file work-v1.cif (mmCIF, C-alpha atoms and all ligand atoms)
data_work
loop_
_atom_site.label_atom_id
_atom_site.label_comp_id
_atom_site.auth_asym_id
_atom_site.auth_seq_id
_atom_site.Cartn_x
_atom_site.Cartn_y
_atom_site.Cartn_z
CA MET A 952 75.13 15.49 -73.47
CA THR A 953 75.33 15.78 -77.26
CA GLY A 954 72.37 16.75 -79.44
CA LYS A 955 72.44 13.30 -81.01
CA THR A 956 71.98 11.60 -77.63
CA HIS A 957 69.21 14.03 -76.72
CA ILE A 958 67.28 13.14 -79.90
CA GLY A 959 67.89 9.44 -79.20
CA MET A 960 66.56 9.68 -75.64
CA GLY A 961 63.53 11.68 -76.78
CA ILE A 962 62.62 9.16 -79.48
CA VAL A 963 63.13 6.19 -77.14
CA ALA A 964 60.83 7.82 -74.55
CA TYR A 965 58.27 8.52 -77.29
CA VAL A 966 58.36 4.91 -78.49
CA GLY A 967 58.04 3.73 -74.88
CA ALA A 968 55.09 6.05 -74.17
CA CYS A 969 53.32 5.89 -77.53
CA SER A 970 50.84 3.20 -76.50
CA THR A 971 49.69 5.37 -73.59
CA ILE A 972 49.47 8.80 -75.27
CA PRO A 973 46.67 9.90 -77.62
CA GLY A 974 47.60 9.56 -81.28
CA GLY A 975 50.17 6.82 -80.63
CA PHE A 976 53.26 6.70 -82.84
CA ASN A 977 53.32 8.84 -85.99
CA TYR A 978 55.98 10.65 -87.99
CA THR A 979 54.76 14.16 -87.12
CA GLY A 980 55.03 13.14 -83.48
CA ALA A 981 58.57 11.80 -83.98
CA ALA A 982 59.63 15.02 -85.75
CA VAL A 983 58.18 17.21 -82.97
CA VAL A 984 59.87 15.04 -80.30
CA ALA A 985 63.22 15.33 -82.13
CA ILE A 986 63.04 19.13 -82.44
CA ALA A 987 61.75 19.55 -78.86
CA SER A 988 64.63 17.43 -77.57
CA LEU A 989 67.10 19.87 -79.18
CA LEU A 990 65.24 23.05 -78.23
CA PRO A 991 66.71 23.66 -74.72
CA ASP A 992 70.23 23.92 -76.20
CA ILE A 993 69.11 26.89 -78.27
CA ASP A 994 70.84 28.87 -75.49
CA HIS A 995 74.16 27.57 -76.87
CA PRO A 996 75.47 29.41 -79.98
CA LYS A 997 76.88 26.12 -81.30
CA GLY A 998 73.78 24.00 -80.51
CA ILE A 999 72.39 21.92 -83.39
CA LEU A 1000 69.36 24.18 -84.01
CA ASN A 1001 71.57 27.28 -83.94
CA GLN A 1002 73.70 25.71 -86.68
CA TYR A 1003 70.70 26.48 -88.89
CA ILE A 1004 69.48 29.69 -87.24
CA LEU A 1005 72.63 31.75 -86.59
CA PRO A 1006 74.79 33.14 -89.42
CA PHE A 1007 77.86 33.09 -87.12
CA LYS A 1008 78.17 30.63 -84.26
CA ASN A 1009 79.27 32.90 -81.46
CA ASN A 1010 77.63 34.46 -78.44
CA ALA A 1011 77.48 38.03 -79.79
CA THR A 1012 75.55 36.79 -82.84
CA LYS A 1013 73.24 34.75 -80.61
CA VAL A 1014 72.48 37.81 -78.45
CA ALA A 1015 71.93 40.02 -81.50
CA VAL A 1016 69.73 37.57 -83.45
CA TYR A 1017 67.46 36.55 -80.56
CA THR A 1018 67.13 40.10 -79.24
CA SER A 1019 66.18 41.41 -82.69
CA ILE A 1020 63.65 38.65 -83.46
CA GLY A 1021 62.16 39.05 -79.96
CA MET A 1022 61.90 42.84 -80.32
CA VAL A 1023 60.33 42.59 -83.81
CA ILE A 1024 57.71 40.13 -82.52
CA LEU A 1025 56.91 42.29 -79.47
CA THR A 1026 56.67 45.43 -81.64
CA LEU A 1027 54.37 43.75 -84.19
CA ASP A 1028 52.30 42.43 -81.31
CA PHE A 1029 52.09 45.90 -79.78
CA LEU A 1030 51.17 47.59 -83.09
CA TYR A 1031 48.83 45.04 -84.67
CA PHE A 1032 48.05 41.78 -82.93
CA ASN A 1033 47.78 42.14 -79.15
CA ASN A 1034 48.14 38.38 -78.78
CA ILE A 1035 49.27 36.80 -75.51
CA PHE A 1036 51.13 34.01 -77.34
CA LEU A 1037 53.24 36.50 -79.30
CA LYS A 1038 54.03 38.28 -76.03
CA VAL A 1039 55.22 34.99 -74.50
CA LEU A 1040 57.26 34.17 -77.61
CA GLY A 1041 58.90 37.61 -77.70
CA PHE A 1042 59.67 37.38 -73.99
CA ILE A 1043 61.22 33.93 -74.20
CA LEU A 1044 63.37 34.89 -77.23
CA ILE A 1045 64.81 37.83 -75.30
CA MET A 1046 65.42 35.58 -72.27
CA ILE A 1047 67.27 33.15 -74.59
CA ALA A 1048 69.39 36.01 -75.97
CA PHE A 1049 70.72 36.83 -72.52
CA SER A 1050 70.99 33.44 -70.84
CA SER A 1051 74.30 31.69 -71.24
CA HIS A 1052 74.32 27.95 -71.87
CA ARG A 1053 72.51 25.98 -69.15
CA GLU A 1054 72.31 29.00 -66.87
CA GLY A 1055 68.85 30.19 -67.76
CA ILE A 1056 65.29 29.74 -68.84
CA THR A 1057 65.60 27.00 -71.49
CA HIS A 1058 66.84 24.39 -69.01
CA SER A 1059 64.06 25.06 -66.49
CA LEU A 1060 60.46 24.03 -65.85
CA MET A 1061 59.49 27.66 -66.42
CA GLY A 1062 60.99 27.51 -69.92
CA MET A 1063 59.24 24.22 -70.59
CA ILE A 1064 55.88 25.71 -69.54
CA LEU A 1065 56.35 28.90 -71.60
CA PHE A 1066 57.33 26.92 -74.71
CA ALA A 1067 54.39 24.56 -74.05
CA VAL A 1068 52.03 27.54 -74.12
CA ILE A 1069 53.42 28.65 -77.49
CA ILE A 1070 53.42 25.09 -78.88
CA SER A 1071 49.82 24.42 -77.86
CA TYR A 1072 48.81 27.62 -79.65
CA VAL A 1073 50.70 26.55 -82.79
CA GLY A 1074 49.08 23.10 -82.55
CA LYS A 1075 45.62 24.61 -82.33
CA HIS A 1076 46.24 27.06 -85.14
CA TYR A 1077 47.70 24.49 -87.55
CA GLU A 1078 45.55 21.62 -86.28
CA ILE A 1079 48.44 19.39 -85.24
CA ALA A 1080 46.72 17.01 -82.81
CA ASN A 1081 48.45 16.01 -79.56
CA ILE A 1082 51.49 18.18 -80.32
CA ILE A 1083 51.73 19.11 -76.64
CA TYR A 1084 52.47 15.49 -75.63
CA TYR A 1085 55.24 15.17 -78.23
CA PHE A 1086 56.71 18.47 -77.14
CA LEU A 1087 56.70 17.60 -73.43
CA ILE A 1088 58.35 14.21 -74.06
CA GLY A 1089 61.19 15.70 -76.11
CA TYR A 1090 61.77 18.74 -73.92
CA GLY A 1091 61.34 16.88 -70.62
CA MET A 1092 63.77 14.13 -71.66
CA HIS A 1093 66.36 16.76 -72.55
CA ILE A 1094 66.22 18.24 -69.05
CA ILE A 1095 66.33 14.76 -67.47
CA GLY A 1096 69.28 13.81 -69.72
CA ASP A 1097 71.26 16.91 -68.73
CA MET A 1098 70.65 16.07 -65.06
CA PHE A 1099 72.94 13.08 -65.62
CA THR A 1100 75.81 15.44 -66.45
CA LYS A 1101 78.11 17.00 -63.89
CA ARG A 1102 77.05 20.60 -64.63
CA GLY A 1103 73.44 19.91 -63.63
CA VAL A 1104 70.41 21.97 -64.63
CA PRO A 1105 68.75 25.05 -63.06
CA VAL A 1106 65.35 23.31 -62.95
CA PHE A 1107 63.63 26.03 -60.89
CA TYR A 1108 65.16 29.04 -62.65
CA PRO A 1109 64.40 32.02 -62.28
CA PHE A 1110 63.10 31.37 -58.74
CA ASN A 1111 66.14 29.43 -57.65
CA LYS A 1112 69.39 29.31 -59.63
CA LYS A 1113 70.70 26.15 -57.96
CA LYS A 1114 71.61 23.42 -60.44
CA TYR A 1115 70.14 20.01 -59.86
CA LYS A 1116 71.66 16.72 -60.95
CA PHE A 1117 71.28 13.01 -60.25
CA PRO A 1118 73.62 11.27 -57.77
CA VAL A 1119 75.42 9.59 -60.68
CA THR A 1120 76.74 11.95 -63.36
CA PHE A 1121 79.32 12.16 -66.16
CA VAL A 1122 81.16 14.98 -67.94
CA THR A 1123 79.96 15.62 -71.51
CA GLY A 1124 82.74 14.89 -74.00
CA SER A 1125 84.98 13.10 -71.47
CA PRO A 1126 86.12 9.55 -72.37
CA LYS A 1127 83.71 8.10 -69.79
CA GLY A 1128 80.92 10.42 -70.98
CA LYS A 1129 81.42 9.35 -74.60
CA ILE A 1130 81.18 5.67 -73.67
CA ILE A 1131 78.01 6.29 -71.63
CA GLU A 1132 76.38 8.24 -74.47
CA GLU A 1133 77.33 5.50 -76.96
CA PHE A 1134 75.82 2.95 -74.61
CA ILE A 1135 72.59 4.98 -74.26
CA MET A 1136 72.31 5.12 -78.08
CA ILE A 1137 72.91 1.38 -78.54
CA ALA A 1138 70.51 0.41 -75.74
CA GLY A 1139 67.94 2.86 -77.14
CA LEU A 1140 68.29 1.44 -80.64
CA MET A 1141 67.84 -2.10 -79.36
CA TYR A 1142 64.73 -1.02 -77.45
CA ILE A 1143 63.26 0.63 -80.57
CA ILE A 1144 63.93 -2.49 -82.66
CA TYR A 1145 62.25 -4.57 -79.94
CA LYS A 1146 59.20 -2.29 -79.94
CA LEU A 1147 59.09 -1.91 -83.75
CA PRO A 1148 56.46 -4.58 -84.47
CA SER A 1149 53.99 -3.02 -82.00
CA ILE A 1150 54.64 0.52 -83.30
CA LEU A 1151 54.07 -0.40 -86.95
CA MET A 1152 50.96 -2.46 -86.31
ZN ZN A 1201 71.02 20.96 -72.64
#

call {"tool": "encode", "arguments": {"input": "work-v1.cif", "output": "structure tokens", "more": "lines below"}}
Ligand SMILES: [Zn+2]
result
Amino acid sequence: MTGKTHIGMGIVAYVGACSTIPGGFNYTGAAVVAIASLLPDIDHPKGILNQYILPFKNNATKVAVYTSIGMVILTLDFLYFNNIFLKVLGFILIMIAFSSHREGITHSLMGMILFAVIISYVGKHYEIANIIYYFLIGYGMHIIGDMFTKRGVPVFYPFNKKKYKFPVTFVTGSPKGKIIEEFIMIAGLMYIIYKLPSILM
């Protein structure tokens, strides 16, 4: 599934859920949902977020960049901060460095929980209310979206490496896949337009 479709599905889910979650619809929420719905593909050197993070879009660069940032954070934590959240962040960055696309931590519940821990800390520190809900919607919808693709997702990684998918799937980038993703975007857009009056009120 492309990054664009992931953002679309995240925003549609947010619009659908916004009357039931604290804080309702707001632009900070939409931005967090959008970024969270791209975050799992940070394990892909050509993923949308890595277009901004990595100087060269190849696996060696991905390994080098995420290992170095992870090691710097863990070292600073060891020397100065002794903060559990920095330990989690350092750990997850190193896991990202060594997991190839869709084979590891970022496409699992474990990854979602670890990122949620970091995000809730950031939210508390910078006083971004309800950030955890926005994060879970974006990230959760990404994993659900990828379960509609043939490759499936290692939901229970690292405990079980089996990839789970729904009974009906498509291949990302195939002619059928492209049509399905276009359809998801159009249906999503129509839904957002339908819900627009209640969001803006
Ligand atoms: Zn993905």

call {"tool": "atom_distance", "arguments": {"input": "work-v1.cif", "atom1": "CA of Lys1038 in chain A", "atom2": "CA of His957 in chain A"}}
result
28.6 Å

call {"tool": "closest_atom_pairs", "arguments": {"input": "work-v1.cif", "of": "range 1035-1152 of chain A", "to": "range 984-1003 of chain A", "cutoff": "7 Å", "atoms": "all atoms listed in the file", "output": "CSV"}}
result
residue,atom,partner,partner_atom,distance
A:Ile1047,CA,A:Asp994,CA,5.6
A:Ser1050,CA,A:Asp994,CA,6.5
A:Ser1051,CA,A:Asp994,CA,6.2
A:His1052,CA,A:His995,CA,5.0
A:Thr1057,CA,A:Pro991,CA,4.8
A:His1058,CA,A:Pro991,CA,5.8
A:Tyr1085,CA,A:Val984,CA,5.1
A:Phe1086,CA,A:Ala987,CA,5.4
A:Ile1088,CA,A:Val984,CA,6.5
A:Gly1089,CA,A:Ser988,CA,4.1
A:Tyr1090,CA,A:Ser988,CA,4.8
A:Met1092,CA,A:Ser988,CA,6.8
A:His1093,CA,A:Ser988,CA,5.4

call {"tool": "closest_residue", "arguments": {"input": "work-v1.cif", "among": "A:Ile1004, A:Phe1107, A:Pro973, A:Gly1124", "to": "Ile1094 in chain A", "atoms": "all atoms listed in the file"}}
result
A:Phe1107

call {"tool": "residues_around", "arguments": {"input": "work-v1.cif", "residues": "Phe1134 in chain A", "least_positions_apart": "6", "cutoff": "12 Å", "atoms": "only C-alpha atoms", "output": "PDB file with C-alpha atoms, in the coordinates of the input"}}
result
ATOM      1  CA  THR A 956      71.980  11.600 -77.630  1.00  0.00           C
ATOM      2  CA  GLY A 959      67.890   9.440 -79.200  1.00  0.00           C
ATOM      3  CA  MET A 960      66.560   9.680 -75.640  1.00  0.00           C
ATOM      4  CA  LYS A1127      83.710   8.100 -69.790  1.00  0.00           C
ATOM      5  CA  GLY A1128      80.920  10.420 -70.980  1.00  0.00           C
ATOM      6  CA  LEU A1140      68.290   1.440 -80.640  1.00  0.00           C
ATOM      7  CA  MET A1141      67.840  -2.100 -79.360  1.00  0.00           C
TER       8      MET A1141
END

call {"tool": "atom_distance", "arguments": {"input": "work-v1.cif", "atom1": "CA of Met1098 in chain A", "atom2": "CA of Lys955 in chain A"}}
result
16.3 Å

call {"tool": "closest_atom_pairs", "arguments": {"input": "work-v1.cif", "of": "range 1037-1123 of chain A", "to": "range 1016-1031 of chain A", "cutoff": "8 Å", "atoms": "all atoms listed in the file", "output": "tab-separated table"}}
result
residue	atom	partner	partner_atom	distance
A:Leu1037	CA	A:Asp1028	CA	6.3
A:Lys1038	CA	A:Leu1025	CA	6.0
A:Leu1040	CA	A:Gly1021	CA	7.3
A:Gly1041	CA	A:Gly1021	CA	4.2
A:Phe1042	CA	A:Gly1021	CA	6.7
A:Ile1043	CA	A:Gly1021	CA	7.8
A:Leu1044	CA	A:Gly1021	CA	5.1
A:Ile1045	CA	A:Thr1018	CA	5.1
A:Ile1047	CA	A:Tyr1017	CA	6.9
A:Ala1048	CA	A:Tyr1017	CA	5.0

call {"tool": "atom_distance", "arguments": {"input": "work-v1.cif", "atom1": "CA of Gly980 in chain A", "atom2": "CA of Val1039 in chain A"}}
result
23.6 Å

call {"tool": "closest_residue", "arguments": {"input": "work-v1.cif", "among": "A:Tyr1077, A:Tyr965, A:Phe1099, A:Tyr1108", "to": "ligand ZN 1201 (chain A)", "atoms": "only C-alpha atoms and all ligand atoms"}}
result
A:Phe1099

call {"tool": "closest_residue", "arguments": {"input": "work-v1.cif", "among": "A:Ala964, A:Ile1056, A:Ile1083, A:Met952", "to": "ligand ZN 1201 (chain A)", "atoms": "all atoms listed in the file"}}
result
A:Met952

call {"tool": "closest_residue", "arguments": {"input": "work-v1.cif", "among": "A:Pro1148, A:Pro1126, A:Gly1074, A:Gly1103", "to": "ligand ZN 1201 (chain A)", "atoms": "only C-alpha atoms and all ligand atoms"}}
result
A:Gly1103

call {"tool": "closest_residue", "arguments": {"input": "work-v1.cif", "among": "A:Ser970, A:Thr953, A:Ser1125, A:Asn1009", "to": "ligand ZN 1201 (chain A)", "atoms": "only C-alpha atoms and all ligand atoms"}}
result
A:Thr953

call {"tool": "closest_residue", "arguments": {"input": "work-v1.cif", "among": "A:Val963, A:Ile1144, A:Met1063, A:Ile1095", "to": "ligand ZN 1201 (chain A)", "atoms": "only C-alpha atoms and all ligand atoms"}}
result
A:Ile1095

call {"tool": "axis_aligned_box", "arguments": {"input": "work-v1.cif", "around": "range 958-972 of chain A", "padding_each_side": "8 Å", "output": "lines of an AutoDock Vina configuration file"}}
result
center_x = 58.7
center_y = 8.2
center_z = -76.7
size_x = 34.4
size_y = 25.9
size_z = 22.3

call {"tool": "decode", "arguments": {"input": "work-v1.cif", "residues": "range 1033-1104 of chain A", "atoms": "C-alpha atoms", "output": "mmCIF file, in the first residue's frame"}}
result
data_model
loop_
_atom_site.group_PDB
_atom_site.id
_atom_site.type_symbol
_atom_site.label_atom_id
_atom_site.label_comp_id
_atom_site.auth_asym_id
_atom_site.auth_seq_id
_atom_site.Cartn_x
_atom_site.Cartn_y
_atom_site.Cartn_z
ATOM 1 C CA ASN A 1033 18.984 7.750 32.718
ATOM 2 C CA ASN A 1034 15.503 8.080 31.234
ATOM 3 C CA ILE A 1035 13.407 5.019 30.369
ATOM 4 C CA PHE A 1036 11.853 6.763 27.351
ATOM 5 C CA LEU A 1037 15.263 7.469 25.807
ATOM 6 C CA LYS A 1038 16.176 3.816 26.364
ATOM 7 C CA VAL A 1039 13.021 2.719 24.521
ATOM 8 C CA LEU A 1040 13.697 5.204 21.706
ATOM 9 C CA GLY A 1041 17.320 4.094 21.316
ATOM 10 C CA PHE A 1042 16.245 0.455 21.325
ATOM 11 C CA ILE A 1043 13.534 0.914 18.717
ATOM 12 C CA LEU A 1044 15.851 2.915 16.404
ATOM 13 C CA ILE A 1045 18.388 0.090 16.457
ATOM 14 C CA MET A 1046 15.613 -2.453 15.804
ATOM 15 C CA ILE A 1047 14.521 -0.318 12.806
ATOM 16 C CA ALA A 1048 18.109 -0.246 11.510
ATOM 17 C CA PHE A 1049 18.231 -4.021 11.286
ATOM 18 C CA SER A 1050 14.695 -4.963 10.288
ATOM 19 C CA SER A 1051 14.067 -5.195 6.578
ATOM 20 C CA HIS A 1052 10.809 -3.836 5.198
ATOM 21 C CA ARG A 1053 7.740 -5.440 6.793
ATOM 22 C CA GLU A 1054 9.818 -8.142 8.455
ATOM 23 C CA GLY A 1055 10.254 -6.548 11.836
ATOM 24 C CA ILE A 1056 9.217 -4.409 14.731
ATOM 25 C CA THR A 1057 7.533 -1.455 12.986
ATOM 26 C CA HIS A 1058 4.737 -3.592 11.512
ATOM 27 C CA SER A 1059 3.908 -5.276 14.829
ATOM 28 C CA LEU A 1060 1.829 -4.616 17.934
ATOM 29 C CA MET A 1061 5.081 -4.548 19.899
ATOM 30 C CA GLY A 1062 6.341 -1.690 17.725
ATOM 31 C CA MET A 1063 3.039 0.134 18.110
ATOM 32 C CA ILE A 1064 3.229 -0.184 21.912
ATOM 33 C CA LEU A 1065 6.875 0.948 22.094
ATOM 34 C CA PHE A 1066 6.199 3.976 19.873
ATOM 35 C CA ALA A 1067 3.067 4.707 21.939
ATOM 36 C CA VAL A 1068 5.210 4.840 25.077
ATOM 37 C CA ILE A 1069 7.560 7.353 23.446
ATOM 38 C CA ILE A 1070 4.678 9.388 21.976
ATOM 39 C CA SER A 1071 2.823 9.622 25.283
ATOM 40 C CA TYR A 1072 6.020 10.921 26.891
ATOM 41 C CA VAL A 1073 6.434 13.527 24.122
ATOM 42 C CA GLY A 1074 2.762 14.487 24.528
ATOM 43 C CA LYS A 1075 3.168 14.981 28.258
ATOM 44 C CA HIS A 1076 6.400 16.916 27.896
ATOM 45 C CA TYR A 1077 5.105 19.278 25.185
ATOM 46 C CA GLU A 1078 1.534 19.312 26.492
ATOM 47 C CA ILE A 1079 -0.060 17.956 23.316
ATOM 48 C CA ALA A 1080 -3.394 16.685 24.635
ATOM 49 C CA ASN A 1081 -4.799 13.351 23.414
ATOM 50 C CA ILE A 1082 -1.781 12.723 21.164
ATOM 51 C CA ILE A 1083 -1.917 9.025 22.035
ATOM 52 C CA TYR A 1084 -5.345 8.619 20.378
ATOM 53 C CA TYR A 1085 -4.162 10.303 17.177
ATOM 54 C CA PHE A 1086 -1.046 8.172 17.146
ATOM 55 C CA LEU A 1087 -2.921 4.892 17.657
ATOM 56 C CA ILE A 1088 -5.424 5.704 14.889
ATOM 57 C CA GLY A 1089 -2.715 6.488 12.329
ATOM 58 C CA TYR A 1090 -0.390 3.639 13.262
ATOM 59 C CA GLY A 1091 -3.166 1.073 13.753
ATOM 60 C CA MET A 1092 -4.756 1.904 10.391
ATOM 61 C CA HIS A 1093 -1.393 1.432 8.682
ATOM 62 C CA ILE A 1094 -1.076 -2.100 10.043
ATOM 63 C CA ILE A 1095 -4.706 -2.889 9.139
ATOM 64 C CA GLY A 1096 -4.161 -1.448 5.629
ATOM 65 C CA ASP A 1097 -1.064 -3.586 5.045
ATOM 66 C CA MET A 1098 -3.052 -6.664 6.108
ATOM 67 C CA PHE A 1099 -5.041 -6.186 2.900
ATOM 68 C CA THR A 1100 -1.878 -6.742 0.862
ATOM 69 C CA LYS A 1101 -0.559 -10.122 -0.194
ATOM 70 C CA ARG A 1102 2.685 -9.874 1.811
ATOM 71 C CA GLY A 1103 0.810 -9.615 5.117
ATOM 72 C CA VAL A 1104 2.192 -8.221 8.370
#
